[in-house]
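Engineer: Input: one structure, supplied below.
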Amino acid sequence: MIKLGISAFYHDSAACLIVDDKVIAAAEEERFTGIKHDSSFPVNAIKYCLEEGRIKISDIKEVCWYEKPKKKEERVYKIFNKRPLRTLLLRFKAKKRFKEQNPFLVLKSIGYKGRVKFVDHHRSHTNFSYYTSPYKEAAILTIDGVGEFETITISKGQGNTITKIHSIDFPHSLGMLYSTITSFLGFKPNEGEYKVMGLAPYGDPRRYFEKLNKLFKGSGSNLYLLQRYFTWEYSEQVMFNKRLCRLLELPPRLPEEEVTQKHKDLAAALQKIYEREFIYLVRKSKELTGTTNLCLGGGCAYNGVANALAYKYFDSVHIPFAPSDAGSAIGACLRKHTDITPYLGPEYRDKQIYKALSKYKDKIQYFKLSEKKLIRKTAQLLTAQNIIGWFQGRMEFGARALGNRSILASPRHPIMRERLNQVIKKREGFRPFAPSVPKEEASKFFHLKEDIPYMNQVVKGRTMLIPSATHIDGSCRVQTVTEEQNPIYYKLLQEIGGMCNIPVLLNTSFNLKDQTITLDPQQAIERFLNSRINFLVINNFLIKKK
Amino acid sequence: MIKSVQKIIKKWRQEKEYKKKLAELRKRDPFTYKNF
């Protein structure tokens, strides 16, 4: 059975191709259009999936859509009916948008006329999280902004069966609360949440904790957010109103304004509040399911600091590589457990690489090396404090670069973080970088409970030897690497370990400021030339500037 | 008396700033958040 999974029209549009329950290809639309978190219909991602599977659109037997548009429409109008006059214009806008985004129409435009299966938004998250886990029985907790009605669900997975046990509906949404404060702090919602997480350790949560607590009615796992501070039900513009400013006694920050201690304190308080609510939900998941394993899904599962707290109630925690809406394109298709890798995107042959290299022959010099020599040379360059653009094999699916589209550097020197933040990525200095380490060496450097293959948990470091990959509070967002998962990256880490006794690399996504992660060799070379990255590796080619 | 006047002025200034900032944010597309 050939299935095409689609996530579209909200954020992080994506497509995947599944043949006989095996995921053949998957990619996010943003990589092809260059628009971060692109929400448009993923025509380019679909095209790539079909090419990778060497099939035509007519070969697809079923399209699995990651949510139920009719149900979502029902929720939107139900909410608008609370304030019919105030939402009149928005209602027209919504009507137009729903019409344009009709899945049957957009699928028809690419020549598909077959069956379309619509899957509940949170069920798609649940499926992706549980069916990609190693568990035969687990609690599944999904938290995001909003799906159709639900914002949080708790389910139990047993064998290949998933049963929903508990849910919380819009407008009571932890995801939207996090995004609201993100925008209050001058960062873009649905994107800047990482920045708020990175900023939180610099602040003292006590200044704003009680104030933020006033946004909640009661406490415990039945989340209830007082809507008088938010505009989600009647506005598409700013997510909060003047009452929130009054409550916090703080004006919202504009992006160009300086980040003050007050902003850091607010970020810290938000993170603390989120962690408190998250732990309530984790405890409830334990009580309702009685299992020892937990799967996390939904966009909030990118909150690595909170995720690590789940071990208080569970022995094992699984977070997939793309827990947000992009992963739901895959989740919508899955009906049973599947072996999956995050490396599901395009890869490029030597011929295509030569073609890209020849375009820039005046500006670069390149050498084709054997794998062994390439690893040795790259390790030498990294230990000599060079920054390397690292492009290998198939592109990762999800927000994290996991060693195939990465910028690598040695984390041993404290200045490296500043160099990468300010010179290469041109981003805020407070943002941390993640370390990659071979699985078997991880416990020497980090306090971890389990492997973290997808960088979605933040743990405490054990050493001061990697200052550039350690955050101000001593925490690290680790990626544990196995030979099975990524052989060449694993070998590189081992080689580094052999040279300096610290088999750890600083790994950040291969993109410059406000760009999406690198897709192809040409883009890699352009970004290499437009930045102060010292060397570029594309598969077996080592490239330097002339 | 002076303190309460100062308090009123401070509050008035704050309100003015909130209003100004919110108006500015409304103009900026990146701050929109689609809930549908």
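Note on naming: chains are A, B, ... as they come in the structure tokens, residues start from 1 per chain, ligands start from 1 in the order shown.
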Region 186-282 of chain A near region 10-32 of chain B within 7 Å: what's each residue's closest atom pair and its distance in Å to one decimal, counting only C-alpha atoms, ordered by chain then ascending residue number, as a tab-separated table?

Structural biologist:
```
residue	atom	partner	partner_atom	distance
A:Lys188	CA	B:Pro30	CA	5.9
A:Pro189	CA	B:Phe31	CA	6.7
A:Glu236	CA	B:Thr32	CA	5.6
A:Gln237	CA	B:Thr32	CA	4.2
A:Val238	CA	B:Arg26	CA	5.8
A:Lys242	CA	B:Tyr18	CA	6.4
A:Cys245	CA	B:Tyr18	CA	6.6
A:Pro251	CA	B:Tyr18	CA	5.3
A:Pro252	CA	B:Lys21	CA	6.5
```

Engineer: For the residues selected in the previous step, produce a file with N, CA and C atoms as a PDB file, in the first residue's frame.

Structural biologist:
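Generated output (out-v6.pdb):
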```pdb
ATOM      1  N   LYS A 188       9.363  35.819  17.639  1.00  0.00           N
ATOM      2  CA  LYS A 188       8.250  35.394  16.788  1.00  0.00           C
ATOM      3  C   LYS A 188       7.603  34.113  17.332  1.00  0.00           C
ATOM      4  N   PRO A 189       6.277  34.139  17.518  1.00  0.00           N
ATOM      5  CA  PRO A 189       5.631  32.910  17.980  1.00  0.00           C
ATOM      6  C   PRO A 189       5.833  31.766  16.996  1.00  0.00           C
ATOM      7  N   GLU A 236      -6.188  37.763  15.291  1.00  0.00           N
ATOM      8  CA  GLU A 236      -5.108  37.010  14.663  1.00  0.00           C
ATOM      9  C   GLU A 236      -3.812  37.790  14.759  1.00  0.00           C
ATOM     10  N   GLN A 237      -3.894  38.932  15.421  1.00  0.00           N
ATOM     11  CA  GLN A 237      -2.704  39.785  15.494  1.00  0.00           C
ATOM     12  C   GLN A 237      -1.925  39.502  16.769  1.00  0.00           C
ATOM     13  N   VAL A 238      -1.853  40.469  17.650  1.00  0.00           N
ATOM     14  CA  VAL A 238      -1.093  40.269  18.887  1.00  0.00           C
ATOM     15  C   VAL A 238      -1.854  39.272  19.771  1.00  0.00           C
ATOM     16  N   LYS A 242      -3.808  44.543  26.823  1.00  0.00           N
ATOM     17  CA  LYS A 242      -3.225  45.465  27.811  1.00  0.00           C
ATOM     18  C   LYS A 242      -3.277  44.883  29.217  1.00  0.00           C
ATOM     19  N   CYS A 245      -0.116  43.215  30.117  1.00  0.00           N
ATOM     20  CA  CYS A 245       0.949  44.197  30.433  1.00  0.00           C
ATOM     21  C   CYS A 245       0.770  44.712  31.854  1.00  0.00           C
ATOM     22  N   PRO A 251       5.933  46.592  29.772  1.00  0.00           N
ATOM     23  CA  PRO A 251       5.460  46.714  28.388  1.00  0.00           C
ATOM     24  C   PRO A 251       6.047  45.590  27.539  1.00  0.00           C
ATOM     25  N   PRO A 252       5.355  45.180  26.469  1.00  0.00           N
ATOM     26  CA  PRO A 252       5.950  44.154  25.605  1.00  0.00           C
ATOM     27  C   PRO A 252       7.231  44.663  24.964  1.00  0.00           C
TER      28      PRO A 252
END
```

Engineer: Taking only region 126-159 of chain A into account, list the residues labelled strand (DSSP E) by DSSP (computed from the backbone), as a ChimeraX atom specification.

Structural biologist: /A:137-143,150-158

Engineer: Which residues are near Tyr66 (chain A)? Cut-off 8 Å, only C-alpha atoms, ignore same chain within fewer than 2 positions. Put them as a PyMOL selection string.

Structural biologist: chain A and resi 5-8+64+68+118-121+124+328-329+331-332

Engineer: Those selected residues, please, written with C-alpha atoms and delivered as a compact mmCIF listing (two decimals), in the first residue's frame.

Structural biologist:
```txt
# COMPACT_ATOMS: atom_id res chain seq x y z
CA GLY A 5 1.16 11.83 4.37
CA ILE A 6 0.55 15.56 4.36
CA SER A 7 0.73 18.29 6.98
CA ALA A 8 -0.21 21.73 5.67
CA CYS A 64 -3.42 10.77 4.95
CA LYS A 68 -9.68 17.11 10.27
CA PHE A 118 -8.36 12.64 7.70
CA VAL A 119 -6.78 11.91 11.06
CA ASP A 120 -7.33 13.95 14.26
CA HIS A 121 -4.52 16.45 14.79
CA SER A 124 -1.36 12.21 14.29
CA SER A 328 2.31 14.59 11.90
CA ALA A 329 2.57 14.06 8.14
CA GLY A 331 2.00 10.17 12.11
CA ALA A 332 -1.19 10.46 10.06
```

Engineer: Which residues of chain A sit at most 10 Å from chain B, using only C-alpha atoms? Give each one's shortest atom pair and distance in Å (one decimal place), in chain and ascending residue order, as JSON lines.

Structural biologist:
```
{"residue": "A:Phe9", "atom": "CA", "partner": "B:Phe36", "partner_atom": "CA", "distance": 8.9}
{"residue": "A:Tyr10", "atom": "CA", "partner": "B:Lys34", "partner_atom": "CA", "distance": 7.3}
{"residue": "A:His11", "atom": "CA", "partner": "B:Lys34", "partner_atom": "CA", "distance": 9.1}
{"residue": "A:Pro69", "atom": "CA", "partner": "B:Phe36", "partner_atom": "CA", "distance": 9.6}
{"residue": "A:Lys72", "atom": "CA", "partner": "B:Phe36", "partner_atom": "CA", "distance": 7.3}
{"residue": "A:Glu73", "atom": "CA", "partner": "B:Phe36", "partner_atom": "CA", "distance": 7.7}
{"residue": "A:Arg75", "atom": "CA", "partner": "B:Phe36", "partner_atom": "CA", "distance": 8.9}
{"residue": "A:Val76", "atom": "CA", "partner": "B:Phe36", "partner_atom": "CA", "distance": 6.6}
{"residue": "A:Tyr77", "atom": "CA", "partner": "B:Phe36", "partner_atom": "CA", "distance": 10.0}
{"residue": "A:Ala94", "atom": "CA", "partner": "B:Phe36", "partner_atom": "CA", "distance": 7.4}
{"residue": "A:Arg97", "atom": "CA", "partner": "B:Phe36", "partner_atom": "CA", "distance": 9.0}
{"residue": "A:Phe98", "atom": "CA", "partner": "B:Phe36", "partner_atom": "CA", "distance": 8.9}
{"residue": "A:Gly145", "atom": "CA", "partner": "B:Asn35", "partner_atom": "CA", "distance": 8.1}
{"residue": "A:Val146", "atom": "CA", "partner": "B:Asn35", "partner_atom": "CA", "distance": 7.2}
{"residue": "A:Gly147", "atom": "CA", "partner": "B:Phe36", "partner_atom": "CA", "distance": 8.8}
{"residue": "A:Glu148", "atom": "CA", "partner": "B:Phe36", "partner_atom": "CA", "distance": 8.8}
{"residue": "A:Phe170", "atom": "CA", "partner": "B:Asn35", "partner_atom": "CA", "distance": 9.8}
{"residue": "A:Pro171", "atom": "CA", "partner": "B:Asn35", "partner_atom": "CA", "distance": 9.8}
{"residue": "A:Met176", "atom": "CA", "partner": "B:Asn35", "partner_atom": "CA", "distance": 9.1}
{"residue": "A:Ser179", "atom": "CA", "partner": "B:Tyr33", "partner_atom": "CA", "distance": 8.7}
{"residue": "A:Thr180", "atom": "CA", "partner": "B:Tyr33", "partner_atom": "CA", "distance": 9.0}
{"residue": "A:Thr182", "atom": "CA", "partner": "B:Phe31", "partner_atom": "CA", "distance": 9.8}
{"residue": "A:Ser183", "atom": "CA", "partner": "B:Phe31", "partner_atom": "CA", "distance": 6.5}
{"residue": "A:Phe184", "atom": "CA", "partner": "B:Phe31", "partner_atom": "CA", "distance": 9.2}
{"residue": "A:Gly186", "atom": "CA", "partner": "B:Phe31", "partner_atom": "CA", "distance": 8.6}
{"residue": "A:Phe187", "atom": "CA", "partner": "B:Phe31", "partner_atom": "CA", "distance": 8.1}
{"residue": "A:Lys188", "atom": "CA", "partner": "B:Pro30", "partner_atom": "CA", "distance": 5.9}
{"residue": "A:Pro189", "atom": "CA", "partner": "B:Tyr33", "partner_atom": "CA", "distance": 6.7}
{"residue": "A:Asn190", "atom": "CA", "partner": "B:Tyr33", "partner_atom": "CA", "distance": 8.0}
{"residue": "A:Trp232", "atom": "CA", "partner": "B:Asn35", "partner_atom": "CA", "distance": 7.0}
{"residue": "A:Glu233", "atom": "CA", "partner": "B:Asn35", "partner_atom": "CA", "distance": 8.3}
{"residue": "A:Tyr234", "atom": "CA", "partner": "B:Asn35", "partner_atom": "CA", "distance": 9.8}
{"residue": "A:Ser235", "atom": "CA", "partner": "B:Thr32", "partner_atom": "CA", "distance": 8.7}
{"residue": "A:Glu236", "atom": "CA", "partner": "B:Thr32", "partner_atom": "CA", "distance": 5.6}
{"residue": "A:Gln237", "atom": "CA", "partner": "B:Thr32", "partner_atom": "CA", "distance": 4.2}
{"residue": "A:Val238", "atom": "CA", "partner": "B:Arg26", "partner_atom": "CA", "distance": 5.8}
{"residue": "A:Met239", "atom": "CA", "partner": "B:Tyr33", "partner_atom": "CA", "distance": 7.0}
{"residue": "A:Phe240", "atom": "CA", "partner": "B:Leu22", "partner_atom": "CA", "distance": 8.8}
{"residue": "A:Asn241", "atom": "CA", "partner": "B:Leu22", "partner_atom": "CA", "distance": 7.6}
{"residue": "A:Lys242", "atom": "CA", "partner": "B:Tyr18", "partner_atom": "CA", "distance": 6.4}
{"residue": "A:Arg243", "atom": "CA", "partner": "B:Tyr18", "partner_atom": "CA", "distance": 9.4}
{"residue": "A:Leu244", "atom": "CA", "partner": "B:Tyr18", "partner_atom": "CA", "distance": 9.7}
{"residue": "A:Cys245", "atom": "CA", "partner": "B:Tyr18", "partner_atom": "CA", "distance": 6.6}
{"residue": "A:Arg246", "atom": "CA", "partner": "B:Glu15", "partner_atom": "CA", "distance": 8.0}
{"residue": "A:Glu249", "atom": "CA", "partner": "B:Gln14", "partner_atom": "CA", "distance": 8.2}
{"residue": "A:Leu250", "atom": "CA", "partner": "B:Tyr18", "partner_atom": "CA", "distance": 8.1}
{"residue": "A:Pro251", "atom": "CA", "partner": "B:Tyr18", "partner_atom": "CA", "distance": 5.3}
{"residue": "A:Pro252", "atom": "CA", "partner": "B:Lys21", "partner_atom": "CA", "distance": 6.5}
{"residue": "A:Arg253", "atom": "CA", "partner": "B:Lys21", "partner_atom": "CA", "distance": 7.9}
{"residue": "A:Leu254", "atom": "CA", "partner": "B:Leu25", "partner_atom": "CA", "distance": 7.4}
{"residue": "A:Pro255", "atom": "CA", "partner": "B:Leu25", "partner_atom": "CA", "distance": 9.6}
```

Engineer: Would you mind listing what lies within 12 Å of Thr508 (chain A) as a VMD selection string, with only C-alpha atoms counted and same-chain residues fewer than 3 positions away left out?

Structural biologist: chain A and resid 387 to 390 399 to 411 417 420 to 421 424 to 425 431 to 436 455 468 to 469 477 to 479 505 511 to 512 517 to 518

Engineer: For the residues in the current selection, export N, CA and C atoms as a compact mmCIF listing (two decimals), in the first residue's frame.

Structural biologist:
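again_5.txt, written as the output of this step:
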```
# COMPACT_ATOMS: atom_id res chain seq x y z
N ILE A 387 36.03 25.92 12.07
CA ILE A 387 34.58 25.67 12.00
C ILE A 387 34.31 25.00 10.66
N ILE A 388 33.58 23.88 10.71
CA ILE A 388 33.38 23.08 9.49
C ILE A 388 31.90 22.99 9.13
N GLY A 389 31.57 23.24 7.88
CA GLY A 389 30.24 22.95 7.37
C GLY A 389 30.23 21.49 6.98
N TRP A 390 29.32 20.72 7.53
CA TRP A 390 29.35 19.25 7.40
C TRP A 390 28.07 18.79 6.70
N ALA A 399 13.36 19.63 13.16
CA ALA A 399 14.04 20.92 13.39
C ALA A 399 15.52 20.78 13.71
N ARG A 400 15.96 19.59 14.08
CA ARG A 400 17.35 19.42 14.50
C ARG A 400 18.26 18.89 13.39
N ALA A 401 19.47 19.46 13.33
CA ALA A 401 20.49 18.91 12.46
C ALA A 401 21.18 17.81 13.26
N LEU A 402 21.14 16.60 12.76
CA LEU A 402 21.65 15.47 13.54
C LEU A 402 22.91 14.88 12.92
N GLY A 403 23.71 15.73 12.31
CA GLY A 403 25.00 15.27 11.80
C GLY A 403 25.04 15.05 10.30
N ASN A 404 23.99 15.45 9.58
CA ASN A 404 24.04 15.38 8.11
C ASN A 404 23.99 16.75 7.44
N ARG A 405 23.42 17.73 8.13
CA ARG A 405 23.44 19.12 7.64
C ARG A 405 23.80 19.99 8.85
N SER A 406 25.06 19.90 9.26
CA SER A 406 25.47 20.54 10.51
C SER A 406 26.64 21.48 10.30
N ILE A 407 26.77 22.43 11.22
CA ILE A 407 28.02 23.18 11.35
C ILE A 407 28.68 22.61 12.60
N LEU A 408 29.92 22.16 12.45
CA LEU A 408 30.61 21.50 13.55
C LEU A 408 31.78 22.36 14.03
N ALA A 409 32.04 22.25 15.32
CA ALA A 409 33.20 22.94 15.90
C ALA A 409 33.60 22.22 17.17
N SER A 410 34.78 22.54 17.65
CA SER A 410 35.22 21.93 18.90
C SER A 410 34.62 22.71 20.07
N PRO A 411 34.05 22.03 21.04
CA PRO A 411 33.43 22.75 22.16
C PRO A 411 34.42 23.04 23.29
N ARG A 417 31.70 29.39 21.24
CA ARG A 417 30.27 29.69 21.27
C ARG A 417 29.99 31.11 20.77
N LEU A 420 30.66 31.36 17.02
CA LEU A 420 29.57 30.80 16.22
C LEU A 420 28.31 31.67 16.27
N ASN A 421 27.94 32.11 17.48
CA ASN A 421 26.73 32.92 17.64
C ASN A 421 26.83 34.24 16.92
N ILE A 424 29.22 33.53 12.80
CA ILE A 424 28.67 32.62 11.79
C ILE A 424 27.14 32.74 11.73
N LYS A 425 26.48 32.52 12.86
CA LYS A 425 25.03 32.46 12.81
C LYS A 425 24.37 33.82 13.03
N ARG A 431 22.14 32.24 23.20
CA ARG A 431 21.63 30.94 22.74
C ARG A 431 22.70 29.85 22.79
N PRO A 432 22.33 28.71 23.38
CA PRO A 432 23.31 27.64 23.58
C PRO A 432 23.49 26.76 22.34
N PHE A 433 24.56 26.00 22.32
CA PHE A 433 24.80 25.02 21.25
C PHE A 433 24.80 23.61 21.84
N ALA A 434 24.45 22.66 20.99
CA ALA A 434 24.31 21.29 21.47
C ALA A 434 25.59 20.48 21.22
N PRO A 435 25.93 19.61 22.16
CA PRO A 435 27.06 18.71 21.94
C PRO A 435 26.61 17.35 21.40
N SER A 436 27.40 16.77 20.48
CA SER A 436 27.18 15.39 20.03
C SER A 436 28.27 14.53 20.64
N MET A 455 18.40 14.95 20.33
CA MET A 455 18.63 16.25 21.01
C MET A 455 17.39 16.84 21.64
N SER A 468 31.92 25.51 25.47
CA SER A 468 31.10 26.10 24.40
C SER A 468 29.80 25.36 24.16
N ALA A 469 29.71 24.13 24.66
CA ALA A 469 28.47 23.37 24.47
C ALA A 469 27.73 23.23 25.80
N ARG A 477 22.12 20.26 25.77
CA ARG A 477 21.10 19.55 24.96
C ARG A 477 21.85 18.53 24.11
N VAL A 478 22.02 17.36 24.66
CA VAL A 478 22.94 16.37 24.10
C VAL A 478 22.33 15.59 22.93
N GLN A 479 23.19 15.19 22.00
CA GLN A 479 22.82 14.18 21.00
C GLN A 479 23.76 13.00 21.17
N LEU A 505 31.56 16.97 19.93
CA LEU A 505 31.57 18.06 18.96
C LEU A 505 30.38 18.98 19.19
N ASN A 511 22.90 26.46 8.72
CA ASN A 511 22.18 27.59 8.15
C ASN A 511 22.75 28.86 8.75
N LEU A 512 22.60 29.96 8.05
CA LEU A 512 23.03 31.25 8.58
C LEU A 512 21.77 31.97 9.10
N ILE A 517 17.44 25.14 7.10
CA ILE A 517 18.61 24.25 7.06
C ILE A 517 18.96 23.93 5.60
N THR A 518 20.26 23.82 5.34
CA THR A 518 20.77 23.61 3.98
C THR A 518 20.16 22.35 3.33
```

Engineer: For CA of Glu441 (chain A) and CA of Gln485 (chain A), quote the distance in Å rounded to one decimal.

Structural biologist: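 Those two atoms sit 15.5 Å apart.
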
Engineer: When you look at Gln365 (chain A) with a cut-off of 7 Å (counting only C-alpha atoms), what residues show up, excluding the ones that are within fewer than 3 positions of it in the same chain? I need them as a list in words.

Structural biologist: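 In the requested format, the answer is Lys361, Ile543, Lys544, Lys545 and Lys546 of chain A.
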
Engineer: For the residues in that selection, give me C-alpha atoms as a PDB file, in the first residue's frame.

Structural biologist:
```pdb
ATOM      1  CA  LYS A 361      35.698  26.961  -9.174  1.00  0.00           C
ATOM      2  CA  ILE A 543      36.436  22.209   0.267  1.00  0.00           C
ATOM      3  CA  LYS A 544      38.370  25.346   1.177  1.00  0.00           C
ATOM      4  CA  LYS A 545      38.156  28.960   0.075  1.00  0.00           C
ATOM      5  CA  LYS A 546      40.794  30.246  -2.367  1.00  0.00           C
TER       6      LYS A 546
END
```

Engineer: At a cut-off of 10 Å, using only C-alpha atoms, what residues contact region 446-453 of chain A? Leave out same-chain residues fewer than 6 positions from it and give the result as a PyMOL selection string.

Structural biologist: chain A and resi 308+311+315-321+342+402+436-440+459-463+475-482+485

Engineer: Please write the residues from the selection above to a file, keeping C-alpha atoms, as a PDB file, in the first residue's frame.

Structural biologist:
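Output file again25.pdb is given in full below:
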```pdb
ATOM      1  CA  ALA A 308      13.946  15.624  31.205  1.00  0.00           C
ATOM      2  CA  TYR A 311      11.779  10.698  34.562  1.00  0.00           C
ATOM      3  CA  ASP A 315      11.513   4.854  33.701  1.00  0.00           C
ATOM      4  CA  SER A 316      11.837   5.499  29.986  1.00  0.00           C
ATOM      5  CA  VAL A 317      10.863   8.474  27.804  1.00  0.00           C
ATOM      6  CA  HIS A 318      10.664   8.593  23.997  1.00  0.00           C
ATOM      7  CA  ILE A 319      10.485  11.829  22.042  1.00  0.00           C
ATOM      8  CA  PRO A 320      10.507  11.476  18.247  1.00  0.00           C
ATOM      9  CA  PHE A 321      12.763  13.535  15.980  1.00  0.00           C
ATOM     10  CA  PRO A 342      15.405  10.885  10.817  1.00  0.00           C
ATOM     11  CA  LEU A 402      21.651  15.466  13.540  1.00  0.00           C
ATOM     12  CA  SER A 436      27.181  15.391  20.028  1.00  0.00           C
ATOM     13  CA  VAL A 437      28.874  12.434  21.682  1.00  0.00           C
ATOM     14  CA  PRO A 438      29.184   8.706  20.916  1.00  0.00           C
ATOM     15  CA  LYS A 439      26.556   6.808  22.896  1.00  0.00           C
ATOM     16  CA  GLU A 440      29.041   4.733  24.892  1.00  0.00           C
ATOM     17  CA  VAL A 459      20.705  17.262  30.953  1.00  0.00           C
ATOM     18  CA  LYS A 460      23.394  18.421  33.349  1.00  0.00           C
ATOM     19  CA  GLY A 461      26.983  18.259  32.179  1.00  0.00           C
ATOM     20  CA  ARG A 462      29.614  16.456  34.263  1.00  0.00           C
ATOM     21  CA  THR A 463      32.618  18.337  33.009  1.00  0.00           C
ATOM     22  CA  SER A 475      23.055  22.124  31.172  1.00  0.00           C
ATOM     23  CA  CYS A 476      23.538  20.596  27.718  1.00  0.00           C
ATOM     24  CA  ARG A 477      21.101  19.551  24.961  1.00  0.00           C
ATOM     25  CA  VAL A 478      22.937  16.369  24.097  1.00  0.00           C
ATOM     26  CA  GLN A 479      22.816  14.180  20.997  1.00  0.00           C
ATOM     27  CA  THR A 480      24.048  10.649  21.572  1.00  0.00           C
ATOM     28  CA  VAL A 481      25.292   9.096  18.342  1.00  0.00           C
ATOM     29  CA  THR A 482      25.526   5.413  17.451  1.00  0.00           C
ATOM     30  CA  GLN A 485      22.303   5.708  13.373  1.00  0.00           C
TER      31      GLN A 485
END
```

Engineer: Could you give me, as a PyMOL selection string, each residue of region 377-482 of chain A that DSSP assigns to helix (DSSP H, G or I) when run on this structure's backbone?

Structural biologist: chain A and resi 377-383+415-424+439-445+467-469

Engineer: Residues near region 281-293 of chain A, anyone? I mean within 8 Å using only C-alpha atoms, not counting same-chain ones fewer than 6 positions away, as a list in words.

Structural biologist: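 The residues satisfying every condition are Tyr135, Glu137, Ala138, Ala139, Ile140, Leu141, Ile154, Ser155, Lys156, Ile165, Ser221, Ala310, Tyr313, Phe314, Asp315, Ser316, Val317 and His318 of chain A.
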
Engineer: Output the selection as a PDB file, in the first residue's frame - C-alpha atoms for each residue.

Structural biologist:
```pdb
ATOM      1  CA  TYR A 135       7.659   0.343  23.530  1.00  0.00           C
ATOM      2  CA  GLU A 137       3.051  -0.369  26.152  1.00  0.00           C
ATOM      3  CA  ALA A 138       3.301   3.312  26.980  1.00  0.00           C
ATOM      4  CA  ALA A 139       1.524   6.455  28.109  1.00  0.00           C
ATOM      5  CA  ILE A 140       1.388   9.058  25.333  1.00  0.00           C
ATOM      6  CA  LEU A 141       1.207  12.736  26.219  1.00  0.00           C
ATOM      7  CA  ILE A 154      -3.223  11.662  27.232  1.00  0.00           C
ATOM      8  CA  SER A 155      -3.520   8.230  25.615  1.00  0.00           C
ATOM      9  CA  LYS A 156      -2.404   4.697  26.296  1.00  0.00           C
ATOM     10  CA  ILE A 165      -8.059   8.693  27.925  1.00  0.00           C
ATOM     11  CA  SER A 221      -3.740  18.758  35.591  1.00  0.00           C
ATOM     12  CA  ALA A 310       9.377  13.241  33.029  1.00  0.00           C
ATOM     13  CA  TYR A 313       7.336   9.379  37.068  1.00  0.00           C
ATOM     14  CA  PHE A 314       8.556   7.210  34.168  1.00  0.00           C
ATOM     15  CA  ASP A 315      11.513   4.854  33.701  1.00  0.00           C
ATOM     16  CA  SER A 316      11.837   5.499  29.986  1.00  0.00           C
ATOM     17  CA  VAL A 317      10.863   8.474  27.804  1.00  0.00           C
ATOM     18  CA  HIS A 318      10.664   8.593  23.997  1.00  0.00           C
TER      19      HIS A 318
END
```
